[in-house]
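**Q** Structure supplied as start-v9.txt; contents: compact mmCIF, C-alpha atoms and all ligand atoms.
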# COMPACT_ATOMS: atom_id res chain seq x y z
CA MET E 1 -230.11 8.70 -12.56
CA LYS E 2 -232.64 5.89 -12.22
CA ALA E 3 -235.67 5.53 -14.49
CA ILE E 4 -238.37 2.93 -15.20
CA ALA E 5 -238.47 1.83 -18.82
CA VAL E 6 -240.26 -0.78 -20.89
CA GLU E 7 -239.88 -2.45 -24.24
CA PRO E 8 -243.59 -2.28 -25.20
CA GLY E 9 -245.00 -5.81 -25.35
CA ALA E 10 -242.19 -7.24 -23.20
CA GLY E 11 -244.55 -7.55 -20.25
CA THR E 12 -242.55 -6.03 -17.40
CA PRO E 13 -240.86 -2.67 -16.85
CA ASP E 14 -237.19 -2.46 -15.78
CA LEU E 15 -235.17 -0.12 -13.59
CA VAL E 16 -232.53 1.48 -15.84
CA GLU E 17 -229.71 4.02 -15.47
CA ILE E 18 -229.88 7.04 -17.80
CA PRO E 19 -228.13 10.45 -17.85
CA ARG E 20 -229.77 13.25 -15.88
CA PRO E 21 -231.40 15.60 -18.46
CA GLU E 22 -230.16 19.17 -19.02
CA PRO E 23 -232.91 21.80 -19.38
CA GLY E 24 -232.85 23.65 -22.72
CA PRO E 25 -233.94 27.28 -23.23
CA GLY E 26 -237.44 27.84 -21.75
CA GLU E 27 -237.29 24.52 -19.90
CA ALA E 28 -237.07 23.84 -16.18
CA LEU E 29 -235.45 20.85 -14.45
CA VAL E 30 -237.88 19.05 -12.12
CA ARG E 31 -237.03 16.58 -9.34
CA THR E 32 -239.70 13.88 -9.50
CA LEU E 33 -241.63 13.12 -6.32
CA ARG E 34 -244.26 10.58 -7.33
CA VAL E 35 -245.66 9.11 -10.55
CA GLY E 36 -249.03 7.31 -10.69
CA VAL E 37 -249.86 4.14 -12.61
CA ASP E 38 -253.12 3.74 -14.57
CA GLY E 39 -254.83 1.42 -17.04
CA THR E 40 -253.05 3.16 -19.94
CA ASP E 41 -249.63 2.25 -18.48
CA HIS E 42 -250.71 -1.40 -18.43
CA GLU E 43 -251.86 -1.10 -22.07
CA VAL E 44 -248.51 0.49 -23.03
CA ILE E 45 -246.55 -2.23 -21.18
CA ALA E 46 -248.60 -4.92 -22.97
CA GLY E 47 -247.89 -3.20 -26.33
CA HIS E 48 -251.63 -2.55 -26.97
CA HIS E 49 -251.40 1.25 -26.93
CA GLY E 50 -248.78 3.94 -27.52
CA GLY E 51 -245.36 3.65 -29.11
CA LEU E 52 -241.64 4.30 -28.82
CA PRO E 53 -239.87 7.60 -29.46
CA ASP E 54 -238.31 7.62 -32.97
CA GLY E 55 -235.16 5.53 -33.14
CA GLU E 56 -235.40 4.18 -29.56
CA ASP E 57 -235.94 0.63 -28.35
CA ARG E 58 -237.44 1.38 -24.95
CA LEU E 59 -239.81 3.94 -23.46
CA ILE E 60 -239.45 5.66 -20.09
CA LEU E 61 -242.95 5.19 -18.62
CA GLY E 62 -245.13 7.57 -16.64
CA HIS E 63 -247.57 10.37 -17.46
CA GLU E 64 -249.13 11.12 -14.03
CA ALA E 65 -246.31 12.98 -12.29
CA VAL E 66 -245.74 15.47 -9.54
CA GLY E 67 -242.36 17.02 -8.78
CA VAL E 68 -240.46 20.00 -7.41
CA VAL E 69 -238.63 22.56 -9.55
CA GLU E 70 -234.91 21.89 -9.05
CA ASP E 71 -233.63 24.46 -11.57
CA PRO E 72 -236.01 27.12 -12.96
CA ASN E 73 -233.32 27.85 -15.60
CA GLY E 74 -234.45 31.43 -16.20
CA THR E 75 -238.17 30.60 -16.51
CA ASP E 76 -240.89 32.23 -14.34
CA LEU E 77 -240.92 29.18 -12.04
CA GLU E 78 -239.32 29.21 -8.60
CA GLN E 79 -236.88 26.70 -7.18
CA GLY E 80 -238.71 24.38 -4.77
CA GLN E 81 -242.13 25.04 -6.36
CA CYS E 82 -244.38 21.99 -6.63
CA VAL E 83 -245.55 21.29 -10.21
CA VAL E 84 -247.46 18.76 -12.31
CA PRO E 85 -246.53 18.35 -16.01
CA THR E 86 -249.13 18.11 -18.78
CA VAL E 87 -248.77 15.11 -21.11
CA ARG E 88 -248.80 16.21 -24.75
CA ARG E 89 -245.98 17.89 -26.65
CA ALA E 90 -245.78 19.05 -30.28
CA PRO E 91 -243.58 16.73 -32.38
CA ASN E 92 -241.85 19.59 -34.24
CA GLY E 93 -241.80 22.34 -31.63
CA THR E 94 -245.33 23.67 -32.10
CA ASN E 95 -248.47 23.62 -34.25
CA GLU E 96 -251.85 25.37 -34.33
CA TYR E 97 -253.40 23.19 -31.58
CA PHE E 98 -250.58 23.89 -29.15
CA GLU E 99 -250.51 27.58 -30.10
CA ARG E 100 -254.15 27.99 -29.11
CA GLY E 101 -253.69 26.00 -25.89
CA GLU E 102 -255.68 22.97 -27.08
CA PRO E 103 -253.11 20.16 -27.52
CA ASP E 104 -255.80 17.74 -26.33
CA MET E 105 -257.73 18.42 -29.56
CA ALA E 106 -254.75 17.71 -31.84
CA PRO E 107 -255.22 14.81 -34.29
CA GLU E 108 -252.78 11.90 -34.53
CA GLY E 109 -249.42 13.01 -35.93
CA GLU E 110 -249.74 16.48 -34.37
CA TYR E 111 -248.75 15.37 -30.86
CA VAL E 112 -246.64 12.98 -28.84
CA GLU E 113 -247.62 11.94 -25.31
CA ARG E 114 -244.93 11.69 -22.65
CA GLY E 115 -244.69 8.15 -21.31
CA ILE E 116 -247.31 6.87 -23.78
CA VAL E 117 -246.56 7.54 -27.43
CA GLY E 118 -243.49 8.99 -29.16
CA ASP E 119 -241.80 10.60 -26.13
CA HIS E 120 -240.29 9.50 -22.83
CA GLY E 121 -242.33 9.85 -19.64
CA PHE E 122 -241.74 11.06 -16.12
CA MET E 123 -240.75 7.84 -14.28
CA ALA E 124 -237.21 9.08 -13.66
CA GLU E 125 -235.51 10.88 -10.79
CA TYR E 126 -235.49 14.11 -12.84
CA PHE E 127 -237.26 15.35 -15.97
CA THR E 128 -237.21 18.55 -17.99
CA SER E 129 -240.18 20.36 -19.46
CA PRO E 130 -240.98 23.69 -21.06
CA ALA E 131 -242.31 25.87 -18.24
CA GLU E 132 -245.60 26.41 -20.13
CA PHE E 133 -246.42 22.70 -19.57
CA LEU E 134 -245.82 22.78 -15.80
CA VAL E 135 -248.87 23.52 -13.64
CA SER E 136 -248.36 24.84 -10.13
CA VAL E 137 -249.71 22.76 -7.22
CA PRO E 138 -249.94 23.89 -3.56
CA ASP E 139 -247.31 22.23 -1.34
CA ASP E 140 -249.97 20.53 0.79
CA LEU E 141 -251.13 18.57 -2.30
CA ALA E 142 -247.61 17.41 -3.24
CA ALA E 143 -248.12 13.84 -1.97
CA LEU E 144 -251.34 13.45 -3.98
CA GLY E 145 -250.28 15.56 -6.98
CA PHE E 146 -250.06 12.45 -9.18
CA LEU E 147 -253.90 12.44 -9.14
CA VAL E 148 -254.07 15.82 -10.91
CA GLU E 149 -253.51 14.34 -14.41
CA PRO E 150 -256.29 11.68 -14.19
CA ILE E 151 -258.68 14.22 -12.60
CA SER E 152 -257.88 16.61 -15.48
CA ILE E 153 -259.06 13.91 -17.92
CA SER E 154 -262.48 13.98 -16.24
CA GLU E 155 -262.52 17.79 -16.00
CA LYS E 156 -262.30 17.80 -19.80
CA ALA E 157 -264.86 15.00 -20.21
CA ILE E 158 -267.38 16.75 -17.95
CA ASP E 159 -266.72 20.08 -19.71
CA HIS E 160 -267.40 18.57 -23.13
CA ALA E 161 -270.46 16.67 -21.90
CA ALA E 162 -271.94 19.86 -20.43
CA ALA E 163 -271.04 21.81 -23.60
CA SER E 164 -273.01 19.29 -25.68
CA ARG E 165 -276.10 20.07 -23.51
CA SER E 166 -275.59 23.82 -23.33
CA ALA E 167 -278.18 24.74 -25.97
CA PHE E 168 -281.06 24.05 -23.56
CA GLU E 169 -281.90 24.05 -19.85
CA TRP E 170 -280.10 20.97 -18.46
CA SER E 171 -279.56 20.09 -14.79
CA PRO E 172 -278.33 16.51 -14.41
CA GLU E 173 -279.66 14.72 -11.33
CA SER E 174 -278.27 11.23 -11.93
CA ALA E 175 -275.00 9.82 -13.24
CA LEU E 176 -273.64 6.36 -13.99
CA VAL E 177 -269.92 5.61 -14.08
CA LEU E 178 -268.97 2.48 -16.04
CA GLY E 179 -265.81 1.04 -14.48
CA ASN E 180 -264.56 0.78 -10.89
CA GLY E 181 -260.88 1.34 -11.75
CA SER E 182 -259.00 4.43 -10.59
CA LEU E 183 -260.41 6.71 -13.31
CA GLY E 184 -263.99 5.55 -12.70
CA LEU E 185 -263.74 5.99 -8.92
CA LEU E 186 -262.09 9.43 -9.17
CA THR E 187 -264.89 10.54 -11.46
CA LEU E 188 -267.56 9.07 -9.20
CA ALA E 189 -266.11 11.11 -6.32
CA MET E 190 -266.22 14.23 -8.54
CA PHE E 191 -269.90 13.57 -9.36
CA GLU E 192 -270.72 13.00 -5.69
CA ASP E 193 -268.64 15.54 -3.79
CA VAL E 194 -267.81 18.31 -6.26
CA LEU E 195 -270.75 18.38 -8.73
CA GLU E 196 -273.22 17.16 -6.06
CA ILE E 197 -275.25 14.99 -8.45
CA ASP E 198 -278.21 13.58 -6.45
CA ARG E 199 -278.06 9.91 -7.49
CA THR E 200 -274.92 8.14 -8.67
CA TYR E 201 -274.19 4.57 -9.77
CA CYS E 202 -270.93 2.77 -10.53
CA LEU E 203 -270.59 -0.42 -12.59
CA GLY E 204 -268.10 -3.20 -11.91
CA ARG E 205 -267.81 -6.97 -12.14
CA ARG E 206 -266.50 -7.84 -8.67
CA ASP E 207 -267.81 -10.00 -5.81
CA ARG E 208 -268.03 -8.58 -2.31
CA PRO E 209 -265.96 -8.03 -0.25
CA ASP E 210 -264.07 -5.73 -2.59
CA PRO E 211 -262.31 -2.44 -1.80
CA SER E 212 -263.70 -0.67 -4.87
CA ILE E 213 -267.27 -1.57 -3.87
CA ASP E 214 -266.53 -0.25 -0.38
CA ILE E 215 -265.40 3.07 -1.91
CA ILE E 216 -268.46 3.26 -4.17
CA GLU E 217 -270.78 2.77 -1.18
CA SER E 218 -268.85 5.06 1.15
CA LEU E 219 -269.26 7.81 -1.47
CA GLY E 220 -273.03 7.23 -1.24
CA ALA E 221 -273.30 5.68 -4.73
CA THR E 222 -275.00 2.42 -5.75
CA TYR E 223 -272.83 -0.48 -6.98
CA VAL E 224 -274.14 -2.16 -10.15
CA ASP E 225 -272.72 -5.59 -11.06
CA SER E 226 -272.55 -5.90 -14.87
CA ARG E 227 -272.79 -9.70 -14.58
CA GLU E 228 -276.28 -9.31 -13.04
CA THR E 229 -277.44 -6.10 -14.68
CA PRO E 230 -276.09 -5.37 -18.17
CA VAL E 231 -275.77 -1.65 -18.91
CA SER E 232 -278.76 -1.74 -21.28
CA GLU E 233 -280.99 -3.02 -18.43
CA ILE E 234 -280.02 -0.34 -15.92
CA PRO E 235 -283.13 1.78 -16.73
CA ASP E 236 -285.37 -1.21 -15.80
CA GLU E 237 -283.46 -2.27 -12.66
CA TYR E 238 -282.54 1.23 -11.40
CA GLU E 239 -283.30 4.31 -13.53
CA ALA E 240 -282.31 5.87 -16.84
CA VAL E 241 -279.56 8.41 -16.06
CA ASP E 242 -278.72 11.94 -17.24
CA VAL E 243 -274.97 11.23 -17.63
CA VAL E 244 -273.01 8.08 -18.40
CA TYR E 245 -269.21 8.20 -18.02
CA GLU E 246 -267.59 5.14 -19.61
CA ALA E 247 -264.23 4.11 -18.12
CA THR E 248 -264.16 0.35 -18.70
CA GLY E 249 -262.64 0.22 -22.18
CA TYR E 250 -265.24 -2.52 -22.84
CA ALA E 251 -266.42 -1.68 -26.37
CA LYS E 252 -270.04 -2.92 -26.02
CA HIS E 253 -270.54 -0.30 -23.31
CA ALA E 254 -270.22 2.48 -25.91
CA PHE E 255 -273.47 1.31 -27.52
CA GLU E 256 -275.28 0.12 -24.38
CA THR E 257 -274.68 3.63 -22.96
CA ILE E 258 -277.29 4.98 -25.40
CA GLU E 259 -279.93 2.73 -23.81
CA ALA E 260 -278.93 3.61 -20.23
CA LEU E 261 -279.44 7.35 -20.87
CA ALA E 262 -282.59 9.27 -19.98
CA PRO E 263 -284.07 11.59 -22.65
CA ASN E 264 -281.73 14.61 -23.21
CA GLY E 265 -278.86 12.73 -21.54
CA VAL E 266 -275.22 12.57 -22.56
CA GLY E 267 -272.81 9.64 -22.67
CA VAL E 268 -269.10 10.34 -22.61
CA LEU E 269 -266.67 7.63 -23.67
CA LEU E 270 -263.11 7.41 -22.30
CA GLY E 271 -262.05 3.78 -22.83
CA VAL E 272 -259.50 2.86 -25.49
CA PRO E 273 -260.41 -0.69 -26.58
CA GLY E 274 -258.71 -2.83 -29.22
CA PRO E 275 -260.60 -4.11 -32.26
CA TRP E 276 -263.68 -6.26 -31.49
CA GLU E 277 -266.46 -7.13 -33.94
CA PHE E 278 -269.97 -7.72 -32.57
CA ASP E 279 -273.59 -7.19 -33.65
CA VAL E 280 -275.55 -4.10 -32.64
CA ASP E 281 -279.09 -3.07 -33.56
CA GLY E 282 -277.91 0.11 -35.26
CA GLY E 283 -281.39 1.19 -36.29
CA ARG E 284 -282.72 1.07 -32.73
CA LEU E 285 -279.74 2.97 -31.30
CA HIS E 286 -279.82 5.60 -34.06
CA ARG E 287 -283.58 6.10 -33.46
CA GLU E 288 -283.00 6.29 -29.70
CA LEU E 289 -280.36 9.02 -30.07
CA VAL E 290 -282.56 11.09 -32.37
CA LEU E 291 -286.02 10.74 -30.80
CA HIS E 292 -284.73 11.39 -27.27
CA ASN E 293 -282.20 14.13 -28.03
CA LYS E 294 -279.34 12.06 -26.63
CA ALA E 295 -275.63 12.81 -27.18
CA LEU E 296 -272.69 10.42 -27.28
CA LEU E 297 -269.13 11.74 -27.41
CA GLY E 298 -265.56 10.59 -27.04
CA THR E 299 -262.82 12.51 -25.31
CA VAL E 300 -259.09 12.09 -24.78
CA ASN E 301 -256.35 13.91 -22.88
CA SER E 302 -256.72 17.38 -21.32
CA HIS E 303 -255.22 20.87 -21.52
CA ARG E 304 -253.65 23.22 -19.00
CA GLY E 305 -257.02 24.73 -17.97
CA HIS E 306 -258.28 21.23 -17.11
CA PHE E 307 -255.15 20.65 -14.99
CA GLU E 308 -255.78 23.90 -13.12
CA ALA E 309 -259.41 22.89 -12.49
CA ALA E 310 -258.15 19.46 -11.37
CA VAL E 311 -255.88 21.01 -8.73
CA ASP E 312 -258.96 22.75 -7.30
CA THR E 313 -261.01 19.53 -7.47
CA LEU E 314 -258.26 17.55 -5.74
CA SER E 315 -258.27 20.05 -2.88
CA GLN E 316 -262.02 19.44 -2.46
CA LEU E 317 -262.03 15.63 -2.55
CA PRO E 318 -262.33 14.12 0.96
CA ARG E 319 -259.00 12.75 2.28
CA SER E 320 -260.91 9.67 3.48
CA PHE E 321 -261.66 8.96 -0.20
CA THR E 322 -258.10 9.53 -1.49
CA ASP E 323 -256.74 7.41 1.40
CA ASP E 324 -258.93 4.49 0.29
CA LEU E 325 -258.24 5.04 -3.42
CA VAL E 326 -254.43 5.07 -3.19
CA THR E 327 -253.72 1.48 -2.20
CA GLY E 328 -249.93 1.70 -2.41
CA VAL E 329 -246.99 4.07 -2.89
CA TYR E 330 -243.72 2.21 -3.56
CA GLY E 331 -240.07 3.24 -3.56
CA LEU E 332 -237.67 2.30 -6.36
CA ASP E 333 -236.54 -0.77 -4.41
CA GLU E 334 -240.04 -2.28 -4.84
CA PHE E 335 -241.32 -0.48 -7.96
CA GLU E 336 -242.58 -3.75 -9.51
CA THR E 337 -245.31 -3.89 -6.84
CA ALA E 338 -246.83 -0.68 -8.28
CA PHE E 339 -247.61 -2.58 -11.50
CA GLU E 340 -249.40 -5.52 -9.88
CA THR E 341 -253.08 -5.86 -10.73
CA ASP E 342 -254.66 -7.89 -7.91
CA ASP E 343 -258.28 -7.16 -6.96
CA ASP E 344 -257.15 -5.26 -3.84
CA VAL E 345 -255.07 -2.83 -5.94
CA ILE E 346 -256.86 0.35 -7.01
CA LYS E 347 -254.39 3.21 -7.50
CA THR E 348 -250.64 2.97 -7.01
CA ALA E 349 -247.75 5.36 -7.41
CA ILE E 350 -243.96 5.12 -7.47
CA GLU E 351 -242.07 7.45 -5.15
CA PHE E 352 -238.77 8.82 -6.52
CA ALA E 353 -238.23 11.32 -3.69
CA SER E 354 -240.23 12.42 -0.66
CA ALA E 355 -241.76 15.91 -0.65
P1 LIG N 401 -258.56 0.22 -15.16
O1 LIG N 401 -257.94 0.40 -13.83
O2 LIG N 401 -258.18 -0.91 -16.02
O3 LIG N 401 -260.14 0.22 -14.90
C1 LIG N 401 -261.11 -0.35 -15.75
C2 LIG N 401 -262.17 -0.94 -14.86
O4 LIG N 401 -263.29 -1.34 -15.64
C3 LIG N 401 -261.66 -2.17 -14.11
O5 LIG N 401 -261.91 -1.98 -12.72
C4 LIG N 401 -262.50 -3.31 -14.68
O6 LIG N 401 -262.88 -4.26 -13.72
C5 LIG N 401 -263.74 -2.58 -15.15
N1 LIG N 401 -264.41 -3.29 -16.23
C6 LIG N 401 -263.90 -3.65 -17.43
N2 LIG N 401 -264.83 -4.30 -18.16
C7 LIG N 401 -265.95 -4.37 -17.40
C8 LIG N 401 -267.24 -4.91 -17.58
N3 LIG N 401 -267.56 -5.57 -18.69
N4 LIG N 401 -268.15 -4.79 -16.58
C9 LIG N 401 -267.84 -4.15 -15.46
N5 LIG N 401 -266.63 -3.60 -15.21
C10 LIG N 401 -265.70 -3.71 -16.17
O7 LIG N 401 -258.31 1.54 -16.03
P2 LIG N 401 -258.41 3.09 -15.62
O8 LIG N 401 -257.04 3.61 -15.44
O9 LIG N 401 -259.41 3.28 -14.57
O10 LIG N 401 -258.94 3.67 -17.02
C11 LIG N 401 -260.21 3.28 -17.51
C12 LIG N 401 -260.23 3.31 -19.04
O11 LIG N 401 -260.08 4.66 -19.47
C13 LIG N 401 -259.12 2.51 -19.73
O12 LIG N 401 -259.67 1.93 -20.90
C14 LIG N 401 -258.09 3.58 -20.10
O13 LIG N 401 -257.37 3.26 -21.25
C15 LIG N 401 -258.99 4.76 -20.39
N6 LIG N 401 -258.39 6.07 -20.19
C16 LIG N 401 -258.68 6.99 -21.14
C17 LIG N 401 -258.25 8.29 -21.01
C18 LIG N 401 -258.62 9.29 -22.02
O14 LIG N 401 -258.00 10.37 -22.06
N7 LIG N 401 -259.62 8.99 -22.88
C19 LIG N 401 -257.49 8.64 -19.87
C20 LIG N 401 -257.20 7.66 -18.90
C21 LIG N 401 -257.67 6.38 -19.07
P3 LIG N 401 -261.89 -5.50 -13.25
O15 LIG N 401 -260.70 -4.82 -12.64
O16 LIG N 401 -262.71 -6.21 -12.23
O17 LIG N 401 -261.57 -6.26 -14.48
C1 LIG N 402 -253.73 9.70 -20.45
C2 LIG N 402 -254.03 10.78 -21.44
C3 LIG N 402 -253.78 10.27 -22.84
C4 LIG N 402 -254.59 8.99 -23.06
C5 LIG N 402 -254.40 8.39 -24.45
C6 LIG N 402 -254.51 8.47 -20.78
O1 LIG N 402 -254.22 7.49 -19.82
O2 LIG N 402 -254.08 10.08 -19.13
O3 LIG N 402 -253.26 11.93 -21.16
O4 LIG N 402 -254.13 11.25 -23.79
O5 LIG N 402 -254.23 8.03 -22.09
O6 LIG N 402 -253.10 7.98 -24.69
ZN ZN N 403 -253.67 8.17 -17.88
When written as structure tokens, how does the structure in this file appear?
Ligand code: NAP
Ligand code: BGC
Ligand code: ZN

**A**
Amino acid sequence: MKAIAVEPGAGTPDLVEIPRPEPGPGEALVRTLRVGVDGTDHEVIAGHHGGLPDGEDRLILGHEAVGVVEDPNGTDLEQGQCVVPTVRRAPNGTNEYFERGEPDMAPEGEYVERGIVGDHGFMAEYFTSPAEFLVSVPDDLAALGFLVEPISISEKAIDHAAASRSAFEWSPESALVLGNGSLGLLTLAMFEDVLEIDRTYCLGRRDRPDPSIDIIESLGATYVDSRETPVSEIPDEYEAVDVVYEATGYAKHAFETIEALAPNGVGVLLGVPGPWEFDVDGGRLHRELVLHNKALLGTVNSHRGHFEAAVDTLSQLPRSFTDDLVTGVYGLDEFETAFETDDDVIKTAIEFASA
């Protein structure tokens, strides 16, 4: 069968021929429909994040998949059922994090991530997975099912942000998303249409006309250009906000977030930057966090419950939004196009089979 693989750092993925996998006990065989591409895939391809499975010299890419059960292989799944796989697996079968259903909280060494670090991904015509890591998706969401994984990332982030504010009465009225990539825009749509936050902002560094700015404005949010208004000046130019969701991977934003927050606000960091040394006024930021009861937290990955919530969220997002967000779906004959990064590309997916 055909698969898309990369030698991390080589710069471009290749179409390769590999054997079709055989499901083991407790595993189902899934026929892949579509697999999305995100910023992490680009970081893996560049060799800046992730790593190869032990003893291998290339990695099958892809962690945002949707497929159809081809062979339930004695599991509770049904043939023809539409499913989305979760990303993390235990390196040696299981461990305490996986046993309690919280693989997303496992520390390094206690997990591999399919298509990212230590295990092959889903960019292949078929993949196998233990049934417990396959989340059911209604058939009418099959074409967009590759958005479930990235939405699940924000379900977790929002959950943890709210949990950090759960000791007091907290009703956020404003939110700022840093980053107008696919993760930032999906989260902006969740803030606008699902959580119904009154005032939303989204930060980018693009000139108009730009499709991401069009999406931001069609969602009813305000576009903030970081070249004109640095994050720390947002309270002066616009307003201090109750929630900041960082999805730029631009390390200074982690610290500037503290200044953009209103008292009692929470900043949630998603980006995965490389090393970068710069000066910060640590005393001022420390004081700001303490005297205004602010919280700053990082979050990565998501568990099955977040995937289930994401399926529900996806069903609520307006189709006009998802139509604008998904700028291209490409067959295997033109898979390279899915990895292009022009300004008119927002979210792409590779189609292995039609639903
Ligand atoms: P992406 O497509 O690369 O989006 C990042 C966006 O941020 C781009 O649109 C970029 O704008 C913008 N940006 C970067 N620096 C900026 C700055 N200084 N000012 C204004 N805008 C800036 O990536 P993504 O897939 O949306 O993911 C976003 C980040 O989240 C990445 O760092 C990714 O690694 C991370 N991530 C983390 C998790 C997790 O579990 N924690 C999950 C998924 C993704 P331009 O395109 O104009 O440069
Ligand atoms: C994936 C997560 C993963 C993270 C760090 C993200 O793009 O969506 O599942 O945990 O990268 O590797
Ligand atoms: Zn991802």

**Q** What lies within 12 Å of range 1-15 of chain E using all atoms listed in the file, ignoring chain neighbours under 3 positions off, as a PDB file with C-alpha atoms, in the coordinates of the input?

**A**
ATOM      1  CA  ILE E  18    -229.880   7.040 -17.800  1.00  0.00           C
ATOM      2  CA  PRO E  19    -228.130  10.450 -17.850  1.00  0.00           C
ATOM      3  CA  ARG E  20    -229.770  13.250 -15.880  1.00  0.00           C
ATOM      4  CA  PRO E  21    -231.400  15.600 -18.460  1.00  0.00           C
ATOM      5  CA  ARG E  31    -237.030  16.580  -9.340  1.00  0.00           C
ATOM      6  CA  THR E  32    -239.700  13.880  -9.500  1.00  0.00           C
ATOM      7  CA  VAL E  35    -245.660   9.110 -10.550  1.00  0.00           C
ATOM      8  CA  VAL E  37    -249.860   4.140 -12.610  1.00  0.00           C
ATOM      9  CA  ASP E  41    -249.630   2.250 -18.480  1.00  0.00           C
ATOM     10  CA  HIS E  42    -250.710  -1.400 -18.430  1.00  0.00           C
ATOM     11  CA  GLU E  43    -251.860  -1.100 -22.070  1.00  0.00           C
ATOM     12  CA  VAL E  44    -248.510   0.490 -23.030  1.00  0.00           C
ATOM     13  CA  ILE E  45    -246.550  -2.230 -21.180  1.00  0.00           C
ATOM     14  CA  ALA E  46    -248.600  -4.920 -22.970  1.00  0.00           C
ATOM     15  CA  GLY E  47    -247.890  -3.200 -26.330  1.00  0.00           C
ATOM     16  CA  HIS E  48    -251.630  -2.550 -26.970  1.00  0.00           C
ATOM     17  CA  HIS E  49    -251.400   1.250 -26.930  1.00  0.00           C
ATOM     18  CA  GLY E  50    -248.780   3.940 -27.520  1.00  0.00           C
ATOM     19  CA  GLY E  51    -245.360   3.650 -29.110  1.00  0.00           C
ATOM     20  CA  LEU E  52    -241.640   4.300 -28.820  1.00  0.00           C
ATOM     21  CA  PRO E  53    -239.870   7.600 -29.460  1.00  0.00           C
ATOM     22  CA  GLU E  56    -235.400   4.180 -29.560  1.00  0.00           C
ATOM     23  CA  ASP E  57    -235.940   0.630 -28.350  1.00  0.00           C
ATOM     24  CA  ARG E  58    -237.440   1.380 -24.950  1.00  0.00           C
ATOM     25  CA  LEU E  59    -239.810   3.940 -23.460  1.00  0.00           C
ATOM     26  CA  ILE E  60    -239.450   5.660 -20.090  1.00  0.00           C
ATOM     27  CA  LEU E  61    -242.950   5.190 -18.620  1.00  0.00           C
ATOM     28  CA  GLY E  62    -245.130   7.570 -16.640  1.00  0.00           C
ATOM     29  CA  GLY E 115    -244.690   8.150 -21.310  1.00  0.00           C
ATOM     30  CA  ILE E 116    -247.310   6.870 -23.780  1.00  0.00           C
ATOM     31  CA  VAL E 117    -246.560   7.540 -27.430  1.00  0.00           C
ATOM     32  CA  GLY E 118    -243.490   8.990 -29.160  1.00  0.00           C
ATOM     33  CA  ASP E 119    -241.800  10.600 -26.130  1.00  0.00           C
ATOM     34  CA  HIS E 120    -240.290   9.500 -22.830  1.00  0.00           C
ATOM     35  CA  GLY E 121    -242.330   9.850 -19.640  1.00  0.00           C
ATOM     36  CA  PHE E 122    -241.740  11.060 -16.120  1.00  0.00           C
ATOM     37  CA  MET E 123    -240.750   7.840 -14.280  1.00  0.00           C
ATOM     38  CA  ALA E 124    -237.210   9.080 -13.660  1.00  0.00           C
ATOM     39  CA  GLU E 125    -235.510  10.880 -10.790  1.00  0.00           C
ATOM     40  CA  TYR E 126    -235.490  14.110 -12.840  1.00  0.00           C
ATOM     41  CA  PHE E 127    -237.260  15.350 -15.970  1.00  0.00           C
ATOM     42  CA  GLY E 331    -240.070   3.240  -3.560  1.00  0.00           C
ATOM     43  CA  LEU E 332    -237.670   2.300  -6.360  1.00  0.00           C
ATOM     44  CA  ASP E 333    -236.540  -0.770  -4.410  1.00  0.00           C
ATOM     45  CA  GLU E 334    -240.040  -2.280  -4.840  1.00  0.00           C
ATOM     46  CA  PHE E 335    -241.320  -0.480  -7.960  1.00  0.00           C
ATOM     47  CA  GLU E 336    -242.580  -3.750  -9.510  1.00  0.00           C
ATOM     48  CA  THR E 337    -245.310  -3.890  -6.840  1.00  0.00           C
ATOM     49  CA  ALA E 338    -246.830  -0.680  -8.280  1.00  0.00           C
ATOM     50  CA  PHE E 339    -247.610  -2.580 -11.500  1.00  0.00           C
ATOM     51  CA  GLU E 340    -249.400  -5.520  -9.880  1.00  0.00           C
ATOM     52  CA  ILE E 350    -243.960   5.120  -7.470  1.00  0.00           C
ATOM     53  CA  GLU E 351    -242.070   7.450  -5.150  1.00  0.00           C
ATOM     54  CA  PHE E 352    -238.770   8.820  -6.520  1.00  0.00           C
ATOM     55  CA  ALA E 353    -238.230  11.320  -3.690  1.00  0.00           C
TER      56      ALA E 353
END

**Q** Could you check how far CA of Asn293 in chain E sits from CA of Pro235 in chain E, in Å to one decimal?

**A**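 For CA of Asn293 in chain E relative to CA of Pro235 in chain E, the distance reads 16.8 Å.
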
**Q** Considering only C-alpha atoms, state which residue in the set E:Val266, E:Asp279, E:Ala175, E:Ile213 is at the smallest distance from Glu239 in chain E.

**A**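 Once distances to Glu239 in chain E are computed over only C-alpha atoms, the minimum belongs to E:Ala175.
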
**Q** Env of Glu149 in chain E: 7 Å cut, atoms = all atoms listed in the file, seq-sep filter 3 positions within chain, self excluded. Answer as an mmCIF file with C-alpha atoms, in the frame of the given file.

**A**
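Output (part-v9.cif):
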data_model
loop_
_atom_site.group_PDB
_atom_site.id
_atom_site.type_symbol
_atom_site.label_atom_id
_atom_site.label_comp_id
_atom_site.auth_asym_id
_atom_site.auth_seq_id
_atom_site.Cartn_x
_atom_site.Cartn_y
_atom_site.Cartn_z
ATOM 1 C CA GLU E 64 -249.130 11.120 -14.030
ATOM 2 C CA PHE E 146 -250.060 12.450 -9.180
ATOM 3 C CA SER E 152 -257.880 16.610 -15.480
ATOM 4 C CA ILE E 153 -259.060 13.910 -17.920
ATOM 5 C CA PHE E 307 -255.150 20.650 -14.990
#

**Q** So, counting only C-alpha atoms, which residue among E:Lys156, E:Arg114, E:Lys294, E:His253 is closest to Ala65 in chain E?

**A**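 The answer is E:Arg114, which sits nearest to Ala65 in chain E.
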
**Q** From the options E:Glu173, E:Glu113, E:Asp76, E:Glu308, which residue's atoms come nearest to ligand ZN 403 (chain N), counting only C-alpha atoms and all ligand atoms?

**A**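 Going through E:Glu173, E:Glu113, E:Asp76, E:Glu308 one by one, the smallest distance to ligand ZN 403 (chain N) is for E:Glu113.
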